[in-house]
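Taking it in order: structure first as structure tokens, then the write-up.
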Amino acid sequence: MAGEPILIVDDNPVNLKLTRVLLAQEGYDVKTAGDAEIALELLQTFKPKLILMDIQLPGMDGLELTRRLKAVPETRSIKVIALTAFAMKGDEEKARAAGCDGYIAKPIDTKSLPQVVAEMLKPAKEA
């Protein structure tokens, strides 16, 4: 859904720019943060529907930030997709255990990312 707010948290400026440009071209309202602390500051005023979360961040890593966000009512409902360049066996399970709703290994597939994001932003079907 175009126009939806998205936060990208990644310490790699090239990845950050590529992902931001890709999603902005799709019409999303995209903000970026280079680490967890900047992300937490942004979240005081910016209310994303989705966060693309790099797992390997300096300082507080992406899994710890996700745990913190999922632990409080104000940010619990934000969808989080884990991103990692060092995909190893068990990483997806760790990401999901931390509260991530999805998982993408880097390098990001520029063709499929917009579809993955759109799918994640679809409203949950009524039971």
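Residues are named by chain letter and number: chains run A, B, ... in the order of the structure tokens, numbers start at 1 in each chain, and ligands are numbered from 1 in the order shown.
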
- Query: Which residues come within 12 Å of range 73-89 of chain A, counting only C-alpha atoms, excluding same-chain residues fewer than 6 positions away, as JSON, numbers by chain?
  - Reply: {"A": [4, 5, 6, 7, 8, 9, 10, 11, 12, 15, 16, 19, 40, 43, 44, 45, 46, 47, 48, 49, 50, 51, 52, 53, 54, 55, 56, 57, 61, 62, 63, 64, 65, 66, 67, 95, 96, 97, 98, 99, 100, 101, 102, 103, 104, 105, 106, 107, 108, 109, 113, 116, 117, 118, 119, 120, 121, 122, 123, 124]}

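For the pair CA of Glu37 in chain A and CA of Arg68 in chain A, the separation is 11.9 Å.
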
- Item | Secondary structure check, strand (DSSP E) residues of range 7-111 of chain A, as number ranges by chain | A: 7-9, 29-33, 50-54, 79-84, 102-105

- Could you pull out the helix (DSSP H, G or I) residues of range 14-117 of chain A from DSSP and send them as number ranges by chain? A: 14-25, 36-42, 62-70, 91-98, 113-117
